[in-house]
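> Sharing entry01.cif below, mmCIF, C-alpha atoms:
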```cif
data_run
loop_
_atom_site.group_PDB
_atom_site.id
_atom_site.type_symbol
_atom_site.label_atom_id
_atom_site.label_comp_id
_atom_site.auth_asym_id
_atom_site.auth_seq_id
_atom_site.Cartn_x
_atom_site.Cartn_y
_atom_site.Cartn_z
ATOM 1 C CA MET A 983 0.000 0.000 0.000
ATOM 2 C CA ASP A 984 1.254 3.455 -0.864
ATOM 3 C CA PHE A 985 -0.128 6.024 1.603
ATOM 4 C CA LYS A 986 0.710 9.678 1.073
ATOM 5 C CA MET A 987 0.510 11.723 4.240
ATOM 6 C CA ASP A 988 -0.801 15.257 3.883
ATOM 7 C CA TYR A 989 1.450 17.376 6.114
ATOM 8 C CA ARG A 990 -0.607 20.486 5.474
ATOM 9 C CA SER A 991 -3.305 19.123 7.768
ATOM 10 C CA ASN A 992 -3.502 20.397 11.323
ATOM 11 C CA THR A 993 -3.630 17.170 13.277
ATOM 12 C CA LEU A 994 -2.469 13.596 12.990
ATOM 13 C CA VAL A 995 -6.055 12.430 12.637
ATOM 14 C CA ASP A 996 -6.480 14.874 9.725
ATOM 15 C CA LYS A 997 -3.412 13.399 8.056
ATOM 16 C CA VAL A 998 -4.599 9.833 8.513
ATOM 17 C CA GLU A 999 -8.059 10.696 7.214
ATOM 18 C CA MET A 1000 -6.569 12.241 4.069
ATOM 19 C CA SER A 1001 -4.235 9.273 3.628
ATOM 20 C CA LEU A 1002 -7.147 6.852 3.758
ATOM 21 C CA LEU A 1003 -9.042 8.896 1.177
ATOM 22 C CA GLU A 1004 -5.971 9.004 -1.067
ATOM 23 C CA TYR A 1005 -5.645 5.245 -0.751
ATOM 24 C CA ILE A 1006 -9.267 4.728 -1.777
ATOM 25 C CA LYS A 1007 -8.780 7.013 -4.794
ATOM 26 C CA ALA A 1008 -5.401 5.597 -5.816
ATOM 27 C CA ASN A 1009 -6.709 2.035 -5.730
ATOM 28 C CA MET A 1010 -9.991 3.029 -7.395
ATOM 29 C CA LEU A 1011 -11.988 1.248 -4.726
ATOM 30 C CA VAL A 1012 -15.732 1.120 -5.311
ATOM 31 C CA PRO A 1013 -18.705 0.294 -3.079
ATOM 32 C CA GLY A 1014 -18.390 -3.303 -1.921
ATOM 33 C CA ASP A 1015 -14.572 -3.284 -1.883
ATOM 34 C CA THR A 1016 -12.797 -3.568 1.457
ATOM 35 C CA LEU A 1017 -9.927 -1.812 3.200
ATOM 36 C CA PRO A 1018 -7.174 -3.748 5.003
ATOM 37 C CA ASN A 1019 -7.951 -4.516 8.637
ATOM 38 C CA GLU A 1020 -7.103 -2.078 11.437
ATOM 39 C CA LEU A 1021 -3.933 -3.920 12.433
ATOM 40 C CA MET A 1022 -2.538 -3.743 8.908
ATOM 41 C CA LEU A 1023 -3.587 -0.125 8.439
ATOM 42 C CA SER A 1024 -2.084 1.068 11.735
ATOM 43 C CA SER A 1025 1.153 -0.789 10.988
ATOM 44 C CA GLU A 1026 1.399 0.618 7.471
ATOM 45 C CA LEU A 1027 0.789 4.165 8.686
ATOM 46 C CA GLY A 1028 2.948 3.843 11.773
ATOM 47 C CA ILE A 1029 0.229 5.122 14.074
ATOM 48 C CA SER A 1030 -1.762 3.842 17.026
ATOM 49 C CA ARG A 1031 -5.051 2.047 16.444
ATOM 50 C CA ASN A 1032 -6.813 4.739 18.503
ATOM 51 C CA ILE A 1033 -5.757 7.422 16.023
ATOM 52 C CA LEU A 1034 -6.718 5.186 13.119
ATOM 53 C CA ARG A 1035 -10.133 4.479 14.612
ATOM 54 C CA GLU A 1036 -10.805 8.181 15.008
ATOM 55 C CA ALA A 1037 -9.947 8.775 11.352
ATOM 56 C CA LEU A 1038 -12.088 5.838 10.290
ATOM 57 C CA SER A 1039 -14.985 7.137 12.362
ATOM 58 C CA ARG A 1040 -14.856 10.360 10.347
ATOM 59 C CA LEU A 1041 -15.165 8.401 7.126
ATOM 60 C CA LYS A 1042 -18.077 6.481 8.621
ATOM 61 C CA MET A 1043 -19.809 9.767 9.481
ATOM 62 C CA LEU A 1044 -19.382 10.832 5.860
ATOM 63 C CA GLY A 1045 -20.904 7.535 4.765
ATOM 64 C CA ILE A 1046 -17.792 6.475 2.844
ATOM 65 C CA ILE A 1047 -17.154 3.278 4.818
ATOM 66 C CA GLN A 1048 -19.007 0.944 7.139
ATOM 67 C CA SER A 1049 -18.004 -1.992 9.327
ATOM 68 C CA ARG A 1050 -19.531 -5.328 8.455
ATOM 69 C CA ALA A 1051 -19.299 -8.570 10.349
ATOM 70 C CA LYS A 1052 -16.905 -11.055 8.742
ATOM 71 C CA ARG A 1053 -16.008 -8.558 5.994
ATOM 72 C CA GLY A 1054 -14.290 -5.769 7.881
ATOM 73 C CA ILE A 1055 -14.170 -2.186 6.605
ATOM 74 C CA VAL A 1056 -16.297 -1.944 3.470
ATOM 75 C CA ILE A 1057 -16.474 0.947 1.009
ATOM 76 C CA GLN A 1058 -19.999 2.244 0.390
ATOM 77 C CA GLU A 1059 -21.592 4.915 -1.747
ATOM 78 C CA PRO A 1060 -21.786 8.082 0.356
ATOM 79 C CA SER A 1061 -24.888 10.235 0.492
ATOM 80 C CA LEU A 1062 -24.029 13.677 -0.840
ATOM 81 C CA ILE A 1063 -26.790 15.103 1.304
ATOM 82 C CA SER A 1064 -26.047 13.521 4.677
ATOM 83 C CA ALA A 1065 -22.905 15.581 5.230
ATOM 84 C CA PHE A 1066 -24.931 18.779 4.764
ATOM 85 C CA GLU A 1067 -27.612 17.569 7.154
ATOM 86 C CA LYS A 1068 -25.093 17.213 9.958
ATOM 87 C CA VAL A 1069 -23.947 20.844 9.796
ATOM 88 C CA ILE A 1070 -27.030 22.815 8.748
ATOM 89 C CA TYR A 1071 -27.745 24.891 11.826
ATOM 90 C CA PRO A 1072 -28.400 28.549 10.913
ATOM 91 C CA TYR A 1073 -27.136 30.000 14.200
ATOM 92 C CA LEU A 1074 -23.673 28.671 13.363
ATOM 93 C CA PHE A 1075 -23.552 30.576 10.073
ATOM 94 C CA SER A 1076 -22.353 34.090 9.445
ATOM 95 C CA GLU A 1077 -24.547 36.491 7.500
ATOM 96 C CA ASN A 1078 -22.256 36.101 4.503
ATOM 97 C CA THR A 1079 -22.797 32.325 4.528
ATOM 98 C CA ILE A 1080 -26.572 32.777 4.682
ATOM 99 C CA VAL A 1081 -26.383 35.205 1.763
ATOM 100 C CA GLU A 1082 -24.305 32.706 -0.233
ATOM 101 C CA MET A 1083 -26.951 30.031 0.364
ATOM 102 C CA MET A 1084 -29.621 32.439 -0.862
ATOM 103 C CA GLY A 1085 -27.585 32.806 -4.021
ATOM 104 C CA MET A 1086 -27.480 29.027 -4.380
ATOM 105 C CA ARG A 1087 -31.254 28.883 -4.117
ATOM 106 C CA ILE A 1088 -31.727 31.514 -6.824
ATOM 107 C CA ILE A 1089 -29.311 29.684 -9.133
ATOM 108 C CA LEU A 1090 -31.037 26.381 -8.428
ATOM 109 C CA GLU A 1091 -34.608 27.622 -8.881
ATOM 110 C CA ILE A 1092 -33.843 29.233 -12.223
ATOM 111 C CA GLY A 1093 -31.656 26.341 -13.350
ATOM 112 C CA ILE A 1094 -34.279 23.623 -12.849
ATOM 113 C CA THR A 1095 -36.784 25.308 -15.181
ATOM 114 C CA ASP A 1096 -36.148 22.970 -18.118
ATOM 115 C CA PHE A 1097 -36.430 19.894 -15.883
ATOM 116 C CA LEU A 1098 -39.667 21.218 -14.379
ATOM 117 C CA PHE A 1099 -41.371 21.520 -17.754
ATOM 118 C CA LYS A 1100 -39.909 18.305 -19.130
ATOM 119 C CA ASN A 1101 -41.346 16.260 -16.249
ATOM 120 C CA LEU A 1102 -44.663 18.079 -15.979
ATOM 121 C CA ASP A 1103 -47.860 16.090 -16.452
ATOM 122 C CA ASN A 1104 -51.530 16.685 -15.684
ATOM 123 C CA ASN A 1105 -51.456 14.897 -12.331
ATOM 124 C CA LYS A 1106 -48.518 16.960 -11.104
ATOM 125 C CA LEU A 1107 -50.170 20.102 -12.419
ATOM 126 C CA GLU A 1108 -53.320 19.310 -10.423
ATOM 127 C CA GLU A 1109 -51.287 18.750 -7.255
ATOM 128 C CA LEU A 1110 -49.567 22.091 -7.715
ATOM 129 C CA GLU A 1111 -52.874 23.811 -8.393
ATOM 130 C CA LYS A 1112 -54.301 22.541 -5.095
ATOM 131 C CA ILE A 1113 -51.419 24.195 -3.253
ATOM 132 C CA VAL A 1114 -51.934 27.480 -5.098
ATOM 133 C CA VAL A 1115 -55.681 27.466 -4.429
ATOM 134 C CA SER A 1116 -55.106 26.814 -0.722
ATOM 135 C CA GLN A 1117 -52.872 29.916 -0.595
ATOM 136 C CA LYS A 1118 -55.235 32.181 -2.554
ATOM 137 C CA ASP A 1119 -56.375 34.326 0.380
ATOM 138 C CA THR A 1120 -52.813 35.057 1.556
ATOM 139 C CA LYS A 1121 -50.967 35.560 -1.728
ATOM 140 C CA TYR A 1122 -48.986 38.591 -0.501
ATOM 141 C CA GLN A 1123 -48.533 37.426 3.101
ATOM 142 C CA LEU A 1124 -47.429 33.839 2.808
ATOM 143 C CA THR A 1125 -45.919 32.051 5.771
ATOM 144 C CA VAL A 1126 -42.526 30.394 5.443
ATOM 145 C CA GLU A 1127 -44.332 27.042 5.463
ATOM 146 C CA GLN A 1128 -46.606 28.070 2.579
ATOM 147 C CA GLU A 1129 -43.670 29.382 0.578
ATOM 148 C CA THR A 1130 -41.800 26.164 1.182
ATOM 149 C CA GLU A 1131 -44.775 23.961 0.287
ATOM 150 C CA PHE A 1132 -45.073 25.465 -3.190
ATOM 151 C CA HIS A 1133 -41.378 25.356 -3.993
ATOM 152 C CA ARG A 1134 -40.973 21.839 -2.620
ATOM 153 C CA LYS A 1135 -43.597 20.693 -5.119
ATOM 154 C CA ILE A 1136 -41.694 22.469 -7.899
ATOM 155 C CA TYR A 1137 -38.532 20.582 -6.917
ATOM 156 C CA GLU A 1138 -40.478 17.345 -6.704
ATOM 157 C CA ILE A 1139 -41.868 17.749 -10.212
ATOM 158 C CA THR A 1140 -38.352 18.021 -11.659
ATOM 159 C CA GLY A 1141 -37.853 14.358 -10.804
ATOM 160 C CA ASN A 1142 -34.388 15.012 -9.388
ATOM 161 C CA ASN A 1143 -34.214 13.490 -5.900
ATOM 162 C CA PHE A 1144 -30.984 15.295 -5.027
ATOM 163 C CA VAL A 1145 -32.595 18.662 -5.731
ATOM 164 C CA LEU A 1146 -35.586 17.754 -3.558
ATOM 165 C CA GLN A 1147 -33.395 16.632 -0.665
ATOM 166 C CA PHE A 1148 -31.269 19.760 -0.945
ATOM 167 C CA GLN A 1149 -34.367 21.934 -0.702
ATOM 168 C CA LYS A 1150 -35.356 20.227 2.539
ATOM 169 C CA ILE A 1151 -31.910 20.776 4.000
ATOM 170 C CA ILE A 1152 -31.649 24.496 3.264
ATOM 171 C CA HIS A 1153 -35.210 25.195 4.406
ATOM 172 C CA PRO A 1154 -34.095 25.997 8.003
ATOM 173 C CA VAL A 1155 -31.652 28.583 6.654
ATOM 174 C CA PHE A 1156 -34.342 30.440 4.704
ATOM 175 C CA GLU A 1157 -36.763 30.212 7.584
ATOM 176 C CA PHE A 1158 -34.085 31.727 9.808
ATOM 177 C CA ALA A 1159 -33.258 34.473 7.276
ATOM 178 C CA VAL A 1160 -36.850 35.553 6.657
ATOM 179 C CA ARG A 1161 -37.672 35.700 10.353
ATOM 180 C CA ASN A 1162 -34.458 37.365 11.478
ATOM 181 C CA TYR A 1163 -34.133 39.848 8.630
ATOM 182 C CA GLU A 1164 -37.792 40.855 8.427
ATOM 183 C CA SER A 1165 -36.801 44.537 8.622
ATOM 184 C CA TYR A 1166 -35.063 44.113 5.249
ATOM 185 C CA PHE A 1167 -37.601 41.882 3.481
ATOM 186 C CA ALA A 1168 -40.795 43.713 4.515
ATOM 187 C CA PRO A 1169 -39.990 47.038 2.753
ATOM 188 C CA ILE A 1170 -38.827 45.220 -0.381
ATOM 189 C CA ASN A 1171 -42.039 43.203 -0.591
ATOM 190 C CA SER A 1172 -44.205 46.253 0.130
ATOM 191 C CA ARG A 1173 -42.492 48.241 -2.629
ATOM 192 C CA LEU A 1174 -42.854 45.437 -5.180
ATOM 193 C CA VAL A 1175 -46.548 45.086 -4.335
ATOM 194 C CA SER A 1176 -47.156 48.843 -4.686
ATOM 195 C CA GLU A 1177 -45.287 48.881 -8.008
ATOM 196 C CA GLY A 1178 -47.248 45.892 -9.265
ATOM 197 C CA LYS A 1179 -44.023 43.934 -9.691
ATOM 198 C CA ILE A 1180 -44.618 41.170 -7.181
ATOM 199 C CA VAL A 1181 -44.845 37.705 -8.720
ATOM 200 C CA THR A 1182 -47.057 35.331 -6.761
ATOM 201 C CA HIS A 1183 -47.318 31.561 -6.748
ATOM 202 C CA GLN A 1184 -50.521 31.980 -8.777
ATOM 203 C CA ASP A 1185 -48.562 33.887 -11.423
ATOM 204 C CA LEU A 1186 -45.919 31.177 -11.543
ATOM 205 C CA PHE A 1187 -48.575 28.478 -11.769
ATOM 206 C CA ASP A 1188 -50.281 30.259 -14.676
ATOM 207 C CA PHE A 1189 -47.048 30.146 -16.693
ATOM 208 C CA ILE A 1190 -46.577 26.479 -15.807
ATOM 209 C CA LYS A 1191 -50.162 25.602 -16.768
ATOM 210 C CA ALA A 1192 -49.724 27.425 -20.092
ATOM 211 C CA ARG A 1193 -46.474 25.483 -20.660
ATOM 212 C CA ASP A 1194 -44.777 28.856 -21.158
ATOM 213 C CA ILE A 1195 -41.216 27.974 -20.236
ATOM 214 C CA GLU A 1196 -39.612 31.331 -21.011
ATOM 215 C CA GLY A 1197 -42.420 33.210 -19.311
ATOM 216 C CA TYR A 1198 -41.899 31.081 -16.227
ATOM 217 C CA ARG A 1199 -38.120 31.510 -16.333
ATOM 218 C CA ASN A 1200 -38.480 35.289 -16.245
ATOM 219 C CA ALA A 1201 -41.237 35.117 -13.643
ATOM 220 C CA ILE A 1202 -39.242 32.985 -11.205
ATOM 221 C CA LYS A 1203 -36.421 35.521 -11.389
ATOM 222 C CA ARG A 1204 -38.847 38.277 -10.418
ATOM 223 C CA HIS A 1205 -40.454 36.071 -7.752
ATOM 224 C CA LEU A 1206 -37.044 35.715 -6.094
ATOM 225 C CA GLN A 1207 -36.211 39.416 -6.422
ATOM 226 C CA PRO A 1208 -36.602 40.106 -2.659
ATOM 227 C CA TYR A 1209 -33.799 37.629 -2.009
ATOM 228 C CA SER A 1210 -31.649 39.174 -4.730
ATOM 229 C CA GLU A 1211 -32.123 42.671 -3.315
ATOM 230 C CA PHE A 1212 -31.343 41.431 0.175
ATOM 231 C CA MET A 1213 -28.135 39.809 -1.081
ATOM 232 C CA TYR A 1214 -26.882 42.948 -2.816
ATOM 233 C CA ARG A 1215 -27.909 45.561 -0.290
ATOM 234 C CA LYS A 1216 -25.162 48.086 0.430
ATOM 235 C CA ASP A 1217 -24.781 47.430 4.161
ATOM 236 C CA LEU A 1218 -23.859 43.760 3.759
#
```
Turn the structure described in the file into structure tokens.

Amino acid sequence: MDFKMDYRSNTLVDKVEMSLLEYIKANMLVPGDTLPNELMLSSELGISRNILREALSRLKMLGIIQSRAKRGIVIQEPSLISAFEKVIYPYLFSENTIVEMMGMRIILEIGITDFLFKNLDNNKLEELEKIVVSQKDTKYQLTVEQETEFHRKIYEITGNNFVLQFQKIIHPVFEFAVRNYESYFAPINSRLVSEGKIVTHQDLFDFIKARDIEGYRNAIKRHLQPYSEFMYRKDL
């Protein structure tokens, strides 16, 4: 085995973790393959088994490996989402990080437009319409839950499970942002309403129902304008 230690890392456990990852890459191991046992690994790396176990536990948390009876340490396909789930706690994030995540949402929502229309059918359209109808009386004063319900259905219609899971993960961040930065969002929304520039879920649905992909693409940009203005405000 040819392990390459990364001396730029801060701790010995960091170095061992990187070495294990390099080994997996160098040997092109795939899910179902196994790593050498702990005794062999600790001997090869010249470290204690306690240090090795700590590094292995990190890989287990990332879903890259798992321990199986009679097989040892087995490589598995990691969930790209699970790592995010473990660290998504808005109070740990700086305002800049929250703003960056808002940018990701805008990019994502506009980017999935083609997938949304490609996977649209009458049943999905009816499900979306039920959501819009249920929100009819509060179109300008939607709760975070109502906003999320509509957009979750949009993600679901795209047929991309990763996109849907990602939306669920970042939901707490947007809930936190809307509720903690209300003084910024309220004036923006009020101005857009008074100028007749607000784009509601009903407006978005109308473009979807008409199968007007370009109309929808422009409308979703305007629907997300409050987030864009919040991101680029001068006092950030």
> Ranking A:Arg1161, A:Lys1150, A:Lys1042, A:Arg1053 by minimum distance to Leu1003 in chain A and counting all atoms listed in the file, which one comes first?
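Closest to Leu1003 in chain A of all the choices is A:Lys1042.
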> When the PyMOL selection byres ((chain A and resi 1110-1117) around 8) is applied to the structure above, which residues does it catch, written out as an NGL selection string?
:A and (1106-1109 or 1118-1121 or 1124 or 1128 or 1131-1132 or 1135-1136 or 1183-1184 or 1187)
> Extract, using only C-alpha atoms, all DNA, RNA and protein residues at most 7 Å from Ala1037 in chain A, discarding same-chain residues fewer than 5 positions from it, and format them as a ChimeraX atom specification.
/A:995,998-999
> Could you list the residues chosen by the PyMOL selection byres ((chain A and resi 1157) around 12) in this structure as a ChimeraX atom specification?
/A:1071-1073,1080,1084,1125-1130,1149-1156,1158-1164
> Put those residues in a file: C-alpha atoms, as a PDB file, keeping the file's coordinate frame.

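Writing the result to part-v7.pdb gives the following:
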```
ATOM      1  CA  TYR A1071     -27.745  24.891  11.826  1.00  0.00           C
ATOM      2  CA  PRO A1072     -28.400  28.549  10.913  1.00  0.00           C
ATOM      3  CA  TYR A1073     -27.136  30.000  14.200  1.00  0.00           C
ATOM      4  CA  ILE A1080     -26.572  32.777   4.682  1.00  0.00           C
ATOM      5  CA  MET A1084     -29.621  32.439  -0.862  1.00  0.00           C
ATOM      6  CA  THR A1125     -45.919  32.051   5.771  1.00  0.00           C
ATOM      7  CA  VAL A1126     -42.526  30.394   5.443  1.00  0.00           C
ATOM      8  CA  GLU A1127     -44.332  27.042   5.463  1.00  0.00           C
ATOM      9  CA  GLN A1128     -46.606  28.070   2.579  1.00  0.00           C
ATOM     10  CA  GLU A1129     -43.670  29.382   0.578  1.00  0.00           C
ATOM     11  CA  THR A1130     -41.800  26.164   1.182  1.00  0.00           C
ATOM     12  CA  GLN A1149     -34.367  21.934  -0.702  1.00  0.00           C
ATOM     13  CA  LYS A1150     -35.356  20.227   2.539  1.00  0.00           C
ATOM     14  CA  ILE A1151     -31.910  20.776   4.000  1.00  0.00           C
ATOM     15  CA  ILE A1152     -31.649  24.496   3.264  1.00  0.00           C
ATOM     16  CA  HIS A1153     -35.210  25.195   4.406  1.00  0.00           C
ATOM     17  CA  PRO A1154     -34.095  25.997   8.003  1.00  0.00           C
ATOM     18  CA  VAL A1155     -31.652  28.583   6.654  1.00  0.00           C
ATOM     19  CA  PHE A1156     -34.342  30.440   4.704  1.00  0.00           C
ATOM     20  CA  PHE A1158     -34.085  31.727   9.808  1.00  0.00           C
ATOM     21  CA  ALA A1159     -33.258  34.473   7.276  1.00  0.00           C
ATOM     22  CA  VAL A1160     -36.850  35.553   6.657  1.00  0.00           C
ATOM     23  CA  ARG A1161     -37.672  35.700  10.353  1.00  0.00           C
ATOM     24  CA  ASN A1162     -34.458  37.365  11.478  1.00  0.00           C
ATOM     25  CA  TYR A1163     -34.133  39.848   8.630  1.00  0.00           C
ATOM     26  CA  GLU A1164     -37.792  40.855   8.427  1.00  0.00           C
TER      27      GLU A1164
END
```
> Report as a ChimeraX atom specification all protein, DNA and RNA residues lying within 8 Å of Phe1099 in chain A, evaluated on all atoms listed in the file, omitting residues in the same chain fewer than 3 positions from it.
/A:1095-1096,1102,1140,1190,1193,1195
> Compare A:Leu1062, A:Ile1046, A:Val1181, A:Leu1034 by their minimum atom-to-atom distance to Asp1015 in chain A, counting all atoms listed in the file, and give me the closest one.
A:Ile1046
> Starting from the shown file, work through the PyMOL selection byres ((chain A and resi 1014) around 9) and note down what comes out as a list in words.
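In the shown coordinates, the PyMOL selection byres ((chain A and resi 1014) around 9) covers Leu1011, Val1012, Pro1013, Asp1015, Thr1016, Val1056, Ile1057, Gln1058 and Glu1059 of chain A.
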> Which residues are near range 1206-1212 of chain A? Cut-off 10 Å, only C-alpha atoms, ignore same chain within fewer than 2 positions. Put them as a PDB file with C-alpha atoms, keeping the file's coordinate frame.

```pdb
ATOM      1  CA  VAL A1081     -26.383  35.205   1.763  1.00  0.00           C
ATOM      2  CA  MET A1084     -29.621  32.439  -0.862  1.00  0.00           C
ATOM      3  CA  GLY A1085     -27.585  32.806  -4.021  1.00  0.00           C
ATOM      4  CA  ARG A1087     -31.254  28.883  -4.117  1.00  0.00           C
ATOM      5  CA  ILE A1088     -31.727  31.514  -6.824  1.00  0.00           C
ATOM      6  CA  GLU A1091     -34.608  27.622  -8.881  1.00  0.00           C
ATOM      7  CA  ILE A1092     -33.843  29.233 -12.223  1.00  0.00           C
ATOM      8  CA  PHE A1156     -34.342  30.440   4.704  1.00  0.00           C
ATOM      9  CA  ALA A1159     -33.258  34.473   7.276  1.00  0.00           C
ATOM     10  CA  VAL A1160     -36.850  35.553   6.657  1.00  0.00           C
ATOM     11  CA  TYR A1163     -34.133  39.848   8.630  1.00  0.00           C
ATOM     12  CA  TYR A1166     -35.063  44.113   5.249  1.00  0.00           C
ATOM     13  CA  PHE A1167     -37.601  41.882   3.481  1.00  0.00           C
ATOM     14  CA  ALA A1168     -40.795  43.713   4.515  1.00  0.00           C
ATOM     15  CA  PRO A1169     -39.990  47.038   2.753  1.00  0.00           C
ATOM     16  CA  ILE A1170     -38.827  45.220  -0.381  1.00  0.00           C
ATOM     17  CA  ASN A1171     -42.039  43.203  -0.591  1.00  0.00           C
ATOM     18  CA  LEU A1174     -42.854  45.437  -5.180  1.00  0.00           C
ATOM     19  CA  LYS A1179     -44.023  43.934  -9.691  1.00  0.00           C
ATOM     20  CA  ILE A1180     -44.618  41.170  -7.181  1.00  0.00           C
ATOM     21  CA  VAL A1181     -44.845  37.705  -8.720  1.00  0.00           C
ATOM     22  CA  ALA A1201     -41.237  35.117 -13.643  1.00  0.00           C
ATOM     23  CA  ILE A1202     -39.242  32.985 -11.205  1.00  0.00           C
ATOM     24  CA  LYS A1203     -36.421  35.521 -11.389  1.00  0.00           C
ATOM     25  CA  ARG A1204     -38.847  38.277 -10.418  1.00  0.00           C
ATOM     26  CA  TYR A1214     -26.882  42.948  -2.816  1.00  0.00           C
ATOM     27  CA  ARG A1215     -27.909  45.561  -0.290  1.00  0.00           C
ATOM     28  CA  LYS A1216     -25.162  48.086   0.430  1.00  0.00           C
ATOM     29  CA  ASP A1217     -24.781  47.430   4.161  1.00  0.00           C
ATOM     30  CA  LEU A1218     -23.859  43.760   3.759  1.00  0.00           C
TER      31      LEU A1218
END
```
> Please identify all polymer residues within 10 Å of Ile1094 in chain A, counting only C-alpha atoms, omitting same-chain residues fewer than 5 positions from it, and present them as a VMD selection string.
chain A and resid 1089 1099 to 1100 1136 to 1137 1139 to 1140 1142 1145 1199
> Could you please determine the separation between CA of Gly1178 in chain A and CA of Gly1197 in chain A in Å, to one decimal place?
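The value is 16.9 Å.
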> Take range 1192-1213 of chain A, model N, CA and C atoms, and hand the result over as a PDB file, keeping the file's coordinate frame.

```pdb
ATOM      1  N   ALA A1192     -49.737  27.068 -18.671  1.00  0.00           N
ATOM      2  CA  ALA A1192     -49.724  27.425 -20.092  1.00  0.00           C
ATOM      3  C   ALA A1192     -48.536  26.814 -20.829  1.00  0.00           C
ATOM      4  N   ARG A1193     -47.712  26.081 -20.094  1.00  0.00           N
ATOM      5  CA  ARG A1193     -46.474  25.483 -20.660  1.00  0.00           C
ATOM      6  C   ARG A1193     -45.580  26.551 -21.286  1.00  0.00           C
ATOM      7  N   ASP A1194     -45.582  27.731 -20.672  1.00  0.00           N
ATOM      8  CA  ASP A1194     -44.777  28.856 -21.158  1.00  0.00           C
ATOM      9  C   ASP A1194     -43.450  28.867 -20.404  1.00  0.00           C
ATOM     10  N   ILE A1195     -42.474  28.165 -20.939  1.00  0.00           N
ATOM     11  CA  ILE A1195     -41.216  27.974 -20.236  1.00  0.00           C
ATOM     12  C   ILE A1195     -40.427  29.267 -20.072  1.00  0.00           C
ATOM     13  N   GLU A1196     -40.371  30.085 -21.110  1.00  0.00           N
ATOM     14  CA  GLU A1196     -39.612  31.331 -21.011  1.00  0.00           C
ATOM     15  C   GLU A1196     -40.332  32.337 -20.118  1.00  0.00           C
ATOM     16  N   GLY A1197     -41.661  32.342 -20.200  1.00  0.00           N
ATOM     17  CA  GLY A1197     -42.420  33.210 -19.311  1.00  0.00           C
ATOM     18  C   GLY A1197     -42.181  32.843 -17.861  1.00  0.00           C
ATOM     19  N   TYR A1198     -42.149  31.545 -17.593  1.00  0.00           N
ATOM     20  CA  TYR A1198     -41.899  31.081 -16.227  1.00  0.00           C
ATOM     21  C   TYR A1198     -40.475  31.430 -15.789  1.00  0.00           C
ATOM     22  N   ARG A1199     -39.520  31.250 -16.686  1.00  0.00           N
ATOM     23  CA  ARG A1199     -38.120  31.510 -16.333  1.00  0.00           C
ATOM     24  C   ARG A1199     -37.946  32.972 -15.896  1.00  0.00           C
ATOM     25  N   ASN A1200     -38.563  33.872 -16.619  1.00  0.00           N
ATOM     26  CA  ASN A1200     -38.480  35.289 -16.245  1.00  0.00           C
ATOM     27  C   ASN A1200     -39.262  35.576 -14.972  1.00  0.00           C
ATOM     28  N   ALA A1201     -40.397  34.889 -14.822  1.00  0.00           N
ATOM     29  CA  ALA A1201     -41.237  35.117 -13.643  1.00  0.00           C
ATOM     30  C   ALA A1201     -40.573  34.627 -12.358  1.00  0.00           C
ATOM     31  N   ILE A1202     -39.878  33.508 -12.423  1.00  0.00           N
ATOM     32  CA  ILE A1202     -39.242  32.985 -11.205  1.00  0.00           C
ATOM     33  C   ILE A1202     -38.103  33.905 -10.770  1.00  0.00           C
ATOM     34  N   LYS A1203     -37.453  34.544 -11.735  1.00  0.00           N
ATOM     35  CA  LYS A1203     -36.421  35.521 -11.389  1.00  0.00           C
ATOM     36  C   LYS A1203     -37.036  36.689 -10.610  1.00  0.00           C
ATOM     37  N   ARG A1204     -38.180  37.155 -11.088  1.00  0.00           N
ATOM     38  CA  ARG A1204     -38.847  38.277 -10.418  1.00  0.00           C
ATOM     39  C   ARG A1204     -39.457  37.849  -9.088  1.00  0.00           C
ATOM     40  N   HIS A1205     -39.906  36.599  -9.006  1.00  0.00           N
ATOM     41  CA  HIS A1205     -40.454  36.071  -7.752  1.00  0.00           C
ATOM     42  C   HIS A1205     -39.391  36.058  -6.657  1.00  0.00           C
ATOM     43  N   LEU A1206     -38.158  35.795  -7.056  1.00  0.00           N
ATOM     44  CA  LEU A1206     -37.044  35.715  -6.094  1.00  0.00           C
ATOM     45  C   LEU A1206     -36.328  37.050  -5.911  1.00  0.00           C
ATOM     46  N   GLN A1207     -36.861  38.104  -6.502  1.00  0.00           N
ATOM     47  CA  GLN A1207     -36.211  39.416  -6.422  1.00  0.00           C
ATOM     48  C   GLN A1207     -35.964  39.898  -4.992  1.00  0.00           C
ATOM     49  N   PRO A1208     -36.888  39.673  -4.027  1.00  0.00           N
ATOM     50  CA  PRO A1208     -36.602  40.106  -2.659  1.00  0.00           C
ATOM     51  C   PRO A1208     -35.310  39.516  -2.114  1.00  0.00           C
ATOM     52  N   TYR A1209     -35.039  38.247  -2.456  1.00  0.00           N
ATOM     53  CA  TYR A1209     -33.799  37.629  -2.009  1.00  0.00           C
ATOM     54  C   TYR A1209     -32.593  38.265  -2.697  1.00  0.00           C
ATOM     55  N   SER A1210     -32.744  38.544  -3.989  1.00  0.00           N
ATOM     56  CA  SER A1210     -31.649  39.174  -4.730  1.00  0.00           C
ATOM     57  C   SER A1210     -31.324  40.544  -4.151  1.00  0.00           C
ATOM     58  N   GLU A1211     -32.351  41.333  -3.866  1.00  0.00           N
ATOM     59  CA  GLU A1211     -32.123  42.671  -3.315  1.00  0.00           C
ATOM     60  C   GLU A1211     -31.513  42.594  -1.922  1.00  0.00           C
ATOM     61  N   PHE A1212     -31.930  41.611  -1.152  1.00  0.00           N
ATOM     62  CA  PHE A1212     -31.343  41.431   0.175  1.00  0.00           C
ATOM     63  C   PHE A1212     -29.861  41.093   0.053  1.00  0.00           C
ATOM     64  N   MET A1213     -29.525  40.228  -0.900  1.00  0.00           N
ATOM     65  CA  MET A1213     -28.135  39.809  -1.081  1.00  0.00           C
ATOM     66  C   MET A1213     -27.228  40.968  -1.442  1.00  0.00           C
TER      67      MET A1213
END
```
